[in-house]
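Participant: PDB, C-alpha atoms, saved as coords-v7.pdb, coming up:
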ATOM      1  CA  MET A   1     -36.759 149.062  -9.006  1.00  0.00           C
ATOM      2  CA  THR A   2     -38.728 145.834  -8.628  1.00  0.00           C
ATOM      3  CA  ASP A   3     -36.507 142.757  -8.377  1.00  0.00           C
ATOM      4  CA  TYR A   4     -36.625 140.427 -11.354  1.00  0.00           C
ATOM      5  CA  ASP A   5     -34.664 137.598 -12.946  1.00  0.00           C
ATOM      6  CA  VAL A   6     -33.693 137.350 -16.603  1.00  0.00           C
ATOM      7  CA  LEU A   7     -33.771 133.912 -18.221  1.00  0.00           C
ATOM      8  CA  ARG A   8     -32.879 132.844 -21.729  1.00  0.00           C
ATOM      9  CA  VAL A   9     -35.343 130.268 -23.001  1.00  0.00           C
ATOM     10  CA  PHE A  10     -34.902 127.881 -25.958  1.00  0.00           C
ATOM     11  CA  CYS A  11     -31.113 128.182 -25.969  1.00  0.00           C
ATOM     12  CA  GLY A  12     -28.975 126.377 -28.532  1.00  0.00           C
ATOM     13  CA  PRO A  13     -27.011 123.227 -27.635  1.00  0.00           C
ATOM     14  CA  ARG A  14     -24.031 125.199 -26.293  1.00  0.00           C
ATOM     15  CA  GLY A  15     -26.174 127.609 -24.274  1.00  0.00           C
ATOM     16  CA  GLU A  16     -26.164 130.279 -26.966  1.00  0.00           C
ATOM     17  CA  TYR A  17     -29.099 132.390 -28.185  1.00  0.00           C
ATOM     18  CA  GLY A  18     -32.511 131.877 -26.591  1.00  0.00           C
ATOM     19  CA  ASN A  19     -35.222 134.461 -25.967  1.00  0.00           C
ATOM     20  CA  GLU A  20     -34.798 136.745 -22.953  1.00  0.00           C
ATOM     21  CA  LEU A  21     -37.588 136.503 -20.382  1.00  0.00           C
ATOM     22  CA  GLY A  22     -38.165 138.752 -17.387  1.00  0.00           C
ATOM     23  CA  VAL A  23     -39.539 137.006 -14.284  1.00  0.00           C
ATOM     24  CA  VAL A  24     -40.859 138.868 -11.251  1.00  0.00           C
ATOM     25  CA  ARG A  25     -40.860 136.150  -8.585  1.00  0.00           C
ATOM     26  CA  GLU A  26     -42.868 138.246  -6.114  1.00  0.00           C
ATOM     27  CA  GLY A  27     -45.863 139.214  -8.206  1.00  0.00           C
ATOM     28  CA  SER A  28     -47.548 140.762  -5.158  1.00  0.00           C
ATOM     29  CA  VAL A  29     -45.231 143.789  -5.388  1.00  0.00           C
ATOM     30  CA  LEU A  30     -47.084 144.797  -8.584  1.00  0.00           C
ATOM     31  CA  PRO A  31     -50.618 143.489  -8.028  1.00  0.00           C
ATOM     32  CA  GLU A  32     -52.507 145.594 -10.581  1.00  0.00           C
ATOM     33  CA  ARG A  33     -52.640 144.841 -14.300  1.00  0.00           C
ATOM     34  CA  ASP A  34     -51.746 148.379 -15.309  1.00  0.00           C
ATOM     35  CA  GLU A  35     -48.683 148.274 -13.036  1.00  0.00           C
ATOM     36  CA  ARG A  36     -47.577 144.991 -14.574  1.00  0.00           C
ATOM     37  CA  GLN A  37     -48.138 146.238 -18.093  1.00  0.00           C
ATOM     38  CA  ALA A  38     -46.086 149.353 -17.414  1.00  0.00           C
ATOM     39  CA  PHE A  39     -43.269 147.296 -15.896  1.00  0.00           C
ATOM     40  CA  ALA A  40     -43.227 144.863 -18.829  1.00  0.00           C
ATOM     41  CA  ALA A  41     -43.045 147.819 -21.213  1.00  0.00           C
ATOM     42  CA  LYS A  42     -40.191 149.301 -19.197  1.00  0.00           C
ATOM     43  CA  LEU A  43     -38.199 146.043 -19.300  1.00  0.00           C
ATOM     44  CA  GLY A  44     -38.815 145.683 -23.034  1.00  0.00           C
ATOM     45  CA  PHE A  45     -38.440 141.907 -23.259  1.00  0.00           C
ATOM     46  CA  SER A  46     -40.656 139.975 -25.657  1.00  0.00           C
ATOM     47  CA  GLU A  47     -42.480 138.781 -22.541  1.00  0.00           C
ATOM     48  CA  THR A  48     -42.373 139.216 -18.766  1.00  0.00           C
ATOM     49  CA  VAL A  49     -43.856 136.795 -16.208  1.00  0.00           C
ATOM     50  CA  PHE A  50     -45.262 137.696 -12.803  1.00  0.00           C
ATOM     51  CA  VAL A  51     -45.390 134.785 -10.338  1.00  0.00           C
ATOM     52  CA  ASP A  52     -48.513 135.010  -8.165  1.00  0.00           C
ATOM     53  CA  ASP A  53     -48.168 131.655  -6.382  1.00  0.00           C
ATOM     54  CA  PRO A  54     -44.812 129.851  -6.728  1.00  0.00           C
ATOM     55  CA  GLU A  55     -46.008 126.640  -5.060  1.00  0.00           C
ATOM     56  CA  ARG A  56     -49.098 126.256  -7.261  1.00  0.00           C
ATOM     57  CA  GLY A  57     -47.369 127.698 -10.341  1.00  0.00           C
ATOM     58  CA  VAL A  58     -49.807 130.566 -10.875  1.00  0.00           C
ATOM     59  CA  ILE A  59     -48.342 133.027 -13.393  1.00  0.00           C
ATOM     60  CA  ASP A  60     -49.385 136.139 -15.333  1.00  0.00           C
ATOM     61  CA  ILE A  61     -47.753 136.998 -18.700  1.00  0.00           C
ATOM     62  CA  TYR A  62     -47.274 140.357 -20.469  1.00  0.00           C
ATOM     63  CA  THR A  63     -45.641 141.594 -23.655  1.00  0.00           C
ATOM     64  CA  PRO A  64     -44.555 145.267 -23.745  1.00  0.00           C
ATOM     65  CA  SER A  65     -48.072 146.134 -24.952  1.00  0.00           C
ATOM     66  CA  VAL A  66     -50.598 143.396 -24.044  1.00  0.00           C
ATOM     67  CA  ARG A  67     -51.464 140.790 -21.417  1.00  0.00           C
ATOM     68  CA  LEU A  68     -51.482 137.204 -22.690  1.00  0.00           C
ATOM     69  CA  SER A  69     -53.622 134.348 -21.411  1.00  0.00           C
ATOM     70  CA  PHE A  70     -50.898 131.899 -22.471  1.00  0.00           C
ATOM     71  CA  ALA A  71     -47.477 131.988 -24.136  1.00  0.00           C
ATOM     72  CA  GLY A  72     -44.996 129.227 -24.829  1.00  0.00           C
ATOM     73  CA  TYR A  73     -41.538 130.461 -23.940  1.00  0.00           C
ATOM     74  CA  PRO A  74     -42.623 132.192 -20.691  1.00  0.00           C
ATOM     75  CA  CYS A  75     -44.212 128.931 -19.556  1.00  0.00           C
ATOM     76  CA  VAL A  76     -41.080 126.923 -20.361  1.00  0.00           C
ATOM     77  CA  GLY A  77     -38.949 129.459 -18.490  1.00  0.00           C
ATOM     78  CA  ALA A  78     -41.281 129.599 -15.496  1.00  0.00           C
ATOM     79  CA  ALA A  79     -41.488 125.806 -15.366  1.00  0.00           C
ATOM     80  CA  TRP A  80     -37.684 125.594 -15.245  1.00  0.00           C
ATOM     81  CA  LEU A  81     -37.384 128.296 -12.595  1.00  0.00           C
ATOM     82  CA  LEU A  82     -40.209 127.165 -10.295  1.00  0.00           C
ATOM     83  CA  ASP A  83     -39.761 123.383 -10.751  1.00  0.00           C
ATOM     84  CA  VAL A  84     -43.462 122.632 -10.220  1.00  0.00           C
ATOM     85  CA  PRO A  85     -45.585 119.864 -11.821  1.00  0.00           C
ATOM     86  CA  GLU A  86     -47.919 122.352 -13.485  1.00  0.00           C
ATOM     87  CA  LEU A  87     -48.477 126.028 -14.210  1.00  0.00           C
ATOM     88  CA  VAL A  88     -51.795 127.821 -13.900  1.00  0.00           C
ATOM     89  CA  THR A  89     -52.442 130.388 -16.645  1.00  0.00           C
ATOM     90  CA  PRO A  90     -55.659 132.217 -17.570  1.00  0.00           C
ATOM     91  CA  ALA A  91     -55.939 129.942 -20.619  1.00  0.00           C
ATOM     92  CA  GLY A  92     -55.660 126.687 -18.661  1.00  0.00           C
ATOM     93  CA  VAL A  93     -53.421 124.386 -16.644  1.00  0.00           C
ATOM     94  CA  VAL A  94     -50.067 123.669 -18.292  1.00  0.00           C
ATOM     95  CA  GLY A  95     -48.339 120.387 -17.489  1.00  0.00           C
ATOM     96  CA  THR A  96     -44.570 120.572 -16.948  1.00  0.00           C
ATOM     97  CA  ARG A  97     -41.645 118.177 -16.662  1.00  0.00           C
ATOM     98  CA  LEU A  98     -37.862 118.398 -16.523  1.00  0.00           C
ATOM     99  CA  ASP A  99     -35.852 115.918 -18.599  1.00  0.00           C
ATOM    100  CA  GLY A 100     -32.114 116.430 -18.375  1.00  0.00           C
ATOM    101  CA  GLU A 101     -31.168 119.692 -20.052  1.00  0.00           C
ATOM    102  CA  PHE A 102     -34.692 120.176 -21.431  1.00  0.00           C
ATOM    103  CA  THR A 103     -37.772 121.630 -19.778  1.00  0.00           C
ATOM    104  CA  TRP A 104     -41.087 120.546 -21.296  1.00  0.00           C
ATOM    105  CA  ILE A 105     -44.598 121.931 -21.089  1.00  0.00           C
ATOM    106  CA  GLU A 106     -47.824 120.408 -22.382  1.00  0.00           C
ATOM    107  CA  ALA A 107     -50.385 122.863 -23.749  1.00  0.00           C
ATOM    108  CA  ARG A 108     -53.073 123.293 -26.371  1.00  0.00           C
ATOM    109  CA  PRO A 109     -52.395 125.071 -29.688  1.00  0.00           C
ATOM    110  CA  GLU A 110     -55.710 126.933 -29.558  1.00  0.00           C
ATOM    111  CA  TRP A 111     -54.796 128.750 -26.336  1.00  0.00           C
ATOM    112  CA  PRO A 112     -52.623 131.474 -27.901  1.00  0.00           C
ATOM    113  CA  GLU A 113     -53.926 133.901 -30.493  1.00  0.00           C
ATOM    114  CA  PRO A 114     -53.600 132.461 -34.022  1.00  0.00           C
ATOM    115  CA  ARG A 115     -50.456 133.261 -35.980  1.00  0.00           C
ATOM    116  CA  THR A 116     -50.131 133.464 -39.743  1.00  0.00           C
ATOM    117  CA  LEU A 117     -48.019 130.384 -40.507  1.00  0.00           C
ATOM    118  CA  ARG A 118     -46.398 131.050 -43.881  1.00  0.00           C
ATOM    119  CA  ARG A 119     -44.331 128.364 -45.548  1.00  0.00           C
ATOM    120  CA  TYR A 120     -41.368 129.221 -47.789  1.00  0.00           C
ATOM    121  CA  ASP A 121     -39.571 126.935 -50.198  1.00  0.00           C
ATOM    122  CA  THR A 122     -36.123 127.164 -48.604  1.00  0.00           C
ATOM    123  CA  ALA A 123     -34.455 128.123 -45.337  1.00  0.00           C
ATOM    124  CA  ALA A 124     -32.452 130.720 -47.272  1.00  0.00           C
ATOM    125  CA  GLU A 125     -35.675 132.516 -48.187  1.00  0.00           C
ATOM    126  CA  VAL A 126     -36.653 132.645 -44.524  1.00  0.00           C
ATOM    127  CA  ASP A 127     -33.208 133.958 -43.593  1.00  0.00           C
ATOM    128  CA  ALA A 128     -33.466 136.733 -46.205  1.00  0.00           C
ATOM    129  CA  LEU A 129     -36.853 138.085 -45.106  1.00  0.00           C
ATOM    130  CA  PRO A 130     -37.016 141.747 -44.064  1.00  0.00           C
ATOM    131  CA  VAL A 131     -39.081 142.722 -41.031  1.00  0.00           C
ATOM    132  CA  PRO A 132     -42.631 143.191 -42.322  1.00  0.00           C
ATOM    133  CA  PRO A 133     -44.730 146.244 -41.400  1.00  0.00           C
ATOM    134  CA  PRO A 134     -46.952 146.005 -38.299  1.00  0.00           C
ATOM    135  CA  GLY A 135     -50.179 144.109 -38.742  1.00  0.00           C
ATOM    136  CA  GLU A 136     -50.396 140.332 -38.660  1.00  0.00           C
ATOM    137  CA  TRP A 137     -48.366 138.032 -36.401  1.00  0.00           C
ATOM    138  CA  LEU A 138     -46.234 136.240 -39.028  1.00  0.00           C
ATOM    139  CA  TYR A 139     -44.430 132.960 -38.448  1.00  0.00           C
ATOM    140  CA  ALA A 140     -42.250 132.279 -41.491  1.00  0.00           C
ATOM    141  CA  TRP A 141     -40.914 128.755 -41.863  1.00  0.00           C
ATOM    142  CA  ALA A 142     -39.324 126.291 -44.271  1.00  0.00           C
ATOM    143  CA  TRP A 143     -38.165 122.705 -44.114  1.00  0.00           C
ATOM    144  CA  GLU A 144     -34.447 122.191 -43.609  1.00  0.00           C
ATOM    145  CA  ASP A 145     -34.898 118.407 -43.585  1.00  0.00           C
ATOM    146  CA  GLU A 146     -38.512 117.285 -43.919  1.00  0.00           C
ATOM    147  CA  ALA A 147     -37.783 113.611 -43.296  1.00  0.00           C
ATOM    148  CA  ALA A 148     -36.068 114.472 -40.000  1.00  0.00           C
ATOM    149  CA  GLY A 149     -38.657 117.098 -38.997  1.00  0.00           C
ATOM    150  CA  ARG A 150     -36.091 119.935 -38.969  1.00  0.00           C
ATOM    151  CA  ILE A 151     -37.453 123.423 -39.603  1.00  0.00           C
ATOM    152  CA  ARG A 152     -36.002 126.913 -40.024  1.00  0.00           C
ATOM    153  CA  ALA A 153     -38.306 129.661 -38.724  1.00  0.00           C
ATOM    154  CA  ARG A 154     -38.538 133.345 -37.842  1.00  0.00           C
ATOM    155  CA  GLY A 155     -41.296 135.143 -35.950  1.00  0.00           C
ATOM    156  CA  PHE A 156     -42.548 138.696 -36.488  1.00  0.00           C
ATOM    157  CA  PRO A 157     -45.138 139.808 -33.897  1.00  0.00           C
ATOM    158  CA  GLY A 158     -46.283 142.861 -35.880  1.00  0.00           C
ATOM    159  CA  ARG A 159     -47.615 144.631 -32.774  1.00  0.00           C
ATOM    160  CA  GLY A 160     -45.617 147.820 -33.225  1.00  0.00           C
ATOM    161  CA  ASP A 161     -44.385 147.719 -29.615  1.00  0.00           C
ATOM    162  CA  GLY A 162     -40.648 147.599 -30.264  1.00  0.00           C
ATOM    163  CA  ILE A 163     -40.356 143.812 -30.666  1.00  0.00           C
ATOM    164  CA  GLU A 164     -39.864 143.590 -34.414  1.00  0.00           C
ATOM    165  CA  GLU A 165     -38.677 139.961 -34.388  1.00  0.00           C
ATOM    166  CA  ASP A 166     -39.225 137.334 -31.713  1.00  0.00           C
ATOM    167  CA  GLU A 167     -36.150 135.176 -31.168  1.00  0.00           C
ATOM    168  CA  ALA A 168     -38.134 132.092 -30.104  1.00  0.00           C
ATOM    169  CA  THR A 169     -41.902 131.608 -30.218  1.00  0.00           C
ATOM    170  CA  GLY A 170     -43.377 128.644 -28.394  1.00  0.00           C
ATOM    171  CA  ALA A 171     -46.994 129.467 -29.246  1.00  0.00           C
ATOM    172  CA  ALA A 172     -46.294 129.475 -32.988  1.00  0.00           C
ATOM    173  CA  ALA A 173     -44.340 126.228 -32.647  1.00  0.00           C
ATOM    174  CA  LEU A 174     -47.382 124.630 -30.980  1.00  0.00           C
ATOM    175  CA  GLN A 175     -49.646 125.795 -33.797  1.00  0.00           C
ATOM    176  CA  LEU A 176     -47.282 124.639 -36.530  1.00  0.00           C
ATOM    177  CA  THR A 177     -46.953 121.238 -34.847  1.00  0.00           C
ATOM    178  CA  ALA A 178     -50.735 120.927 -34.725  1.00  0.00           C
ATOM    179  CA  GLN A 179     -50.984 121.852 -38.412  1.00  0.00           C
ATOM    180  CA  LEU A 180     -48.299 119.397 -39.528  1.00  0.00           C
ATOM    181  CA  GLY A 181     -49.248 116.646 -37.063  1.00  0.00           C
ATOM    182  CA  ARG A 182     -45.688 115.564 -36.256  1.00  0.00           C
ATOM    183  CA  ALA A 183     -42.756 116.182 -33.946  1.00  0.00           C
ATOM    184  CA  LEU A 184     -40.531 119.086 -34.945  1.00  0.00           C
ATOM    185  CA  ASN A 185     -37.016 120.358 -34.284  1.00  0.00           C
ATOM    186  CA  ILE A 186     -37.161 124.099 -34.949  1.00  0.00           C
ATOM    187  CA  ILE A 187     -34.272 126.539 -35.252  1.00  0.00           C
ATOM    188  CA  GLN A 188     -35.672 130.054 -34.915  1.00  0.00           C
ATOM    189  CA  GLY A 189     -34.191 133.534 -34.956  1.00  0.00           C
ATOM    190  CA  LYS A 190     -30.412 133.664 -34.610  1.00  0.00           C
ATOM    191  CA  GLY A 191     -30.156 130.055 -33.455  1.00  0.00           C
ATOM    192  CA  SER A 192     -32.695 129.230 -30.734  1.00  0.00           C
ATOM    193  CA  GLN A 193     -33.897 125.601 -30.619  1.00  0.00           C
ATOM    194  CA  LEU A 194     -37.468 124.462 -29.924  1.00  0.00           C
ATOM    195  CA  LEU A 195     -38.618 120.837 -29.819  1.00  0.00           C
ATOM    196  CA  THR A 196     -42.244 119.731 -30.107  1.00  0.00           C
ATOM    197  CA  ALA A 197     -44.200 116.475 -30.015  1.00  0.00           C
ATOM    198  CA  PRO A 198     -47.941 115.873 -30.550  1.00  0.00           C
ATOM    199  CA  GLN A 199     -49.745 114.177 -27.666  1.00  0.00           C
ATOM    200  CA  PRO A 200     -53.151 112.458 -27.388  1.00  0.00           C
ATOM    201  CA  GLU A 201     -56.391 114.466 -27.579  1.00  0.00           C
ATOM    202  CA  GLY A 202     -54.838 117.496 -29.263  1.00  0.00           C
ATOM    203  CA  TRP A 203     -52.255 118.361 -26.614  1.00  0.00           C
ATOM    204  CA  ILE A 204     -48.705 119.218 -27.674  1.00  0.00           C
ATOM    205  CA  GLU A 205     -45.444 119.069 -25.770  1.00  0.00           C
ATOM    206  CA  LEU A 206     -42.978 121.901 -26.227  1.00  0.00           C
ATOM    207  CA  GLY A 207     -39.443 121.746 -24.884  1.00  0.00           C
ATOM    208  CA  GLY A 208     -36.163 123.605 -24.757  1.00  0.00           C
ATOM    209  CA  ARG A 209     -33.154 124.636 -22.722  1.00  0.00           C
ATOM    210  CA  THR A 210     -33.291 127.478 -20.190  1.00  0.00           C
ATOM    211  CA  LEU A 211     -30.445 129.389 -18.547  1.00  0.00           C
ATOM    212  CA  LEU A 212     -30.403 132.043 -15.828  1.00  0.00           C
ATOM    213  CA  GLU A 213     -28.781 135.109 -17.361  1.00  0.00           C
ATOM    214  CA  ARG A 214     -28.994 137.390 -14.322  1.00  0.00           C
TER     215      ARG A 214
END
The structure given in the file should be rewritten as structure tokens.

Facilitator:
Amino acid sequence: MTDYDVLRVFCGPRGEYGNELGVVREGSVLPERDERQAFAAKLGFSETVFVDDPERGVIDIYTPSVRLSFAGYPCVGAAWLLDVPELVTPAGVVGTRLDGEFTWIEARPEWPEPRTLRRYDTAAEVDALPVPPPGEWLYAWAWEDEAAGRIRARGFPGRGDGIEEDEATGAAALQLTAQLGRALNIIQGKGSQLLTAPQPEGWIELGGRTLLER
């Protein structure tokens, strides 16, 4: 079995929840895309990262079924683990910084594939949603406190690859922040926390807590 770490990214304030991320620190052990895809499918996490150059921060990201040019929570997790000033993804160069318990990345909302951002009237409606059938990538959200920028959200990838609900979705948080044009404090899934802040020239910062699970 290839060695890998498991992180939890976007944990709550007491280290609870977060989205599990597989990280293969020695990407050279699985150099081919089909090998990486098969390994990501075997692990079954929402996403798995392969580190191709730890000093330069070059990474490669896979879901159980597809390769991604960029994804939010894998970049936050990799930034925390590698402690480098930037990450290099197929979509572009991601700025990173560590600030106390939070790890931040700076990325562009157009890098990931578009999500359907669907607003509901109340957080209770979001909580009550059943898993929709495969099809669109749905990000369901509602204001918990609009004045304070607090949002309740859930993410449904709709890929039919075994990940029915994504516990924390950085890419969707970037896109929602771009749409609303303001900083957000998002509680997603069972209790994961994502923070965002718009930056000049269309960039957005995305931050959260990361823990090493095993």

Participant: Got a sec: who's within 7 Å of range 194-200 of chain A, counting all atoms listed in the file, leaving out chain neighbours fewer than 3 positions off, as a PyMOL selection string?

Facilitator: chain A and resi 10+177+181-187+203-208

Participant: Quick one: distance from CA of Phe70 in chain A to CA of Thr89 in chain A in Å, one decimal?

Facilitator: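 A separation of 6.2 Å between them.
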
Participant: CA of Trp137 in chain A and CA of Arg115 in chain A are how many Å apart?

Facilitator: 5.2 Å

Participant: Run the PyMOL selection byres ((chain A and resi 48-63) around 10) mentally over the shown coordinates, then write out the matched residues as an MDAnalysis selection string, using the chain letters and numbers from the document.

Facilitator: chainID A and resid 4:6 20:31 33 36:41 43:47 64:71 74:75 77:79 81:90 93:94 159 161 163

Participant: Can you tell me how far CA of Ala123 in chain A sits from CA of Arg152 in chain A, in Å to one decimal?

Facilitator: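 Interatomic distance here is 5.7 Å.
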
Participant: What would the selection look like, as a list in words, if the PyMOL selection byres ((chain A and resi 110) around 10) were run on the coordinates I just shared?

Facilitator: Phe70, Ala91, Ala107, Arg108, Pro109, Trp111, Pro112, Glu113, Pro114, Ala171, Leu174, Gln175, Ala178, Gly202 and Trp203 of chain A

Participant: For Asp166 in chain A, work out the shell of residues within 7 Å, counting only C-alpha atoms and skipping chain neighbours fewer than 2 positions away, then give it as number ranges by chain.

Facilitator: A: 46, 155-157, 163-164, 168-169

Participant: Taking only C-alpha atoms into account, name the residue in A:Leu176, A:Leu211, A:Leu7, A:Ala148 that is nearest to Thr116 in chain A.

Facilitator: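 Going through A:Leu176, A:Leu211, A:Leu7, A:Ala148 one by one, the smallest distance to Thr116 in chain A is for A:Leu176.
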
Participant: Residue by residue, what does the PyMOL selection byres ((chain A and resi 18) around 6) grab here? Present the result as a list in words.

Facilitator: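 In the shown coordinates, the PyMOL selection byres ((chain A and resi 18) around 6) covers Arg8, Val9, Phe10, Cys11, Tyr17, Asn19 and Ser192 of chain A.
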
Participant: Emit the selected residues as a tab-separated table (two decimals), keeping the file's coordinate frame, including C-alpha atoms.

Facilitator:
chain	number	residue	atom	x	y	z
A	8	ARG	CA	-32.88	132.84	-21.73
A	9	VAL	CA	-35.34	130.27	-23.00
A	10	PHE	CA	-34.90	127.88	-25.96
A	11	CYS	CA	-31.11	128.18	-25.97
A	17	TYR	CA	-29.10	132.39	-28.18
A	19	ASN	CA	-35.22	134.46	-25.97
A	192	SER	CA	-32.70	129.23	-30.73

Participant: Give the answer as one residue: which of A:Arg154, A:Ile105, A:Ala147, A:Gly170 has the shortest atom-to-atom distance to Arg119 in chain A, using all atoms listed in the file?

Facilitator: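 Once distances to Arg119 in chain A are computed over all atoms listed in the file, the minimum belongs to A:Arg154.
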
Participant: Which one of A:Gln188, A:Thr96, A:Thr2, A:Thr210 sits closest to Ala172 in chain A if you count only C-alpha atoms?

Facilitator: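 Smallest distance to Ala172 in chain A is found for A:Gln188.
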
Participant: For Gln193 in chain A, which residue out of A:Glu146, A:Ile151, A:Asp34, A:Pro134 is the nearest one, using all atoms listed in the file?

Facilitator: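 So, comparing all the options, the nearest one is A:Ile151.
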
Participant: Would you please work out which residue, of A:Glu106, A:Arg150, A:Gly158, A:Tyr120, is nearest to Glu201 in chain A when using all atoms listed in the file?

Facilitator: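 Under the stated criterion, the closest residue is A:Glu106.
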
Participant: Produce the centre coordinates and the three edge lengths, each in Å to one decimal, of the box along x, y and z that contains all listed atoms of range 168-187 of chain A with 4 Å added on each side, as lines of an AutoDock Vina configuration file.

Facilitator:
center_x = -42.6
center_y = 123.8
center_z = -34.0
size_x = 24.7
size_y = 24.5
size_z = 19.1

Participant: If I only want range 81-97 of chain A, can you write it with C-alpha atoms, as a tab-separated table (two decimals), in the first residue's frame?

Facilitator:
chain	number	residue	atom	x	y	z
A	81	LEU	CA	1.12	20.30	5.57
A	82	LEU	CA	3.88	21.62	3.28
A	83	ASP	CA	4.22	25.10	4.84
A	84	VAL	CA	5.26	26.74	1.55
A	85	PRO	CA	4.52	30.29	0.32
A	86	GLU	CA	2.59	29.05	-2.70
A	87	LEU	CA	1.14	25.97	-4.37
A	88	VAL	CA	1.37	25.19	-8.06
A	89	THR	CA	-1.80	23.64	-9.53
A	90	PRO	CA	-2.78	23.09	-13.17
A	91	ALA	CA	-5.21	26.01	-12.83
A	92	GLY	CA	-2.63	28.48	-11.53
A	93	VAL	CA	-0.38	29.49	-8.65
A	94	VAL	CA	-2.15	29.59	-5.28
A	95	GLY	CA	-0.82	31.95	-2.62
A	96	THR	CA	-0.71	30.57	0.93
A	97	ARG	CA	-0.19	31.88	4.45
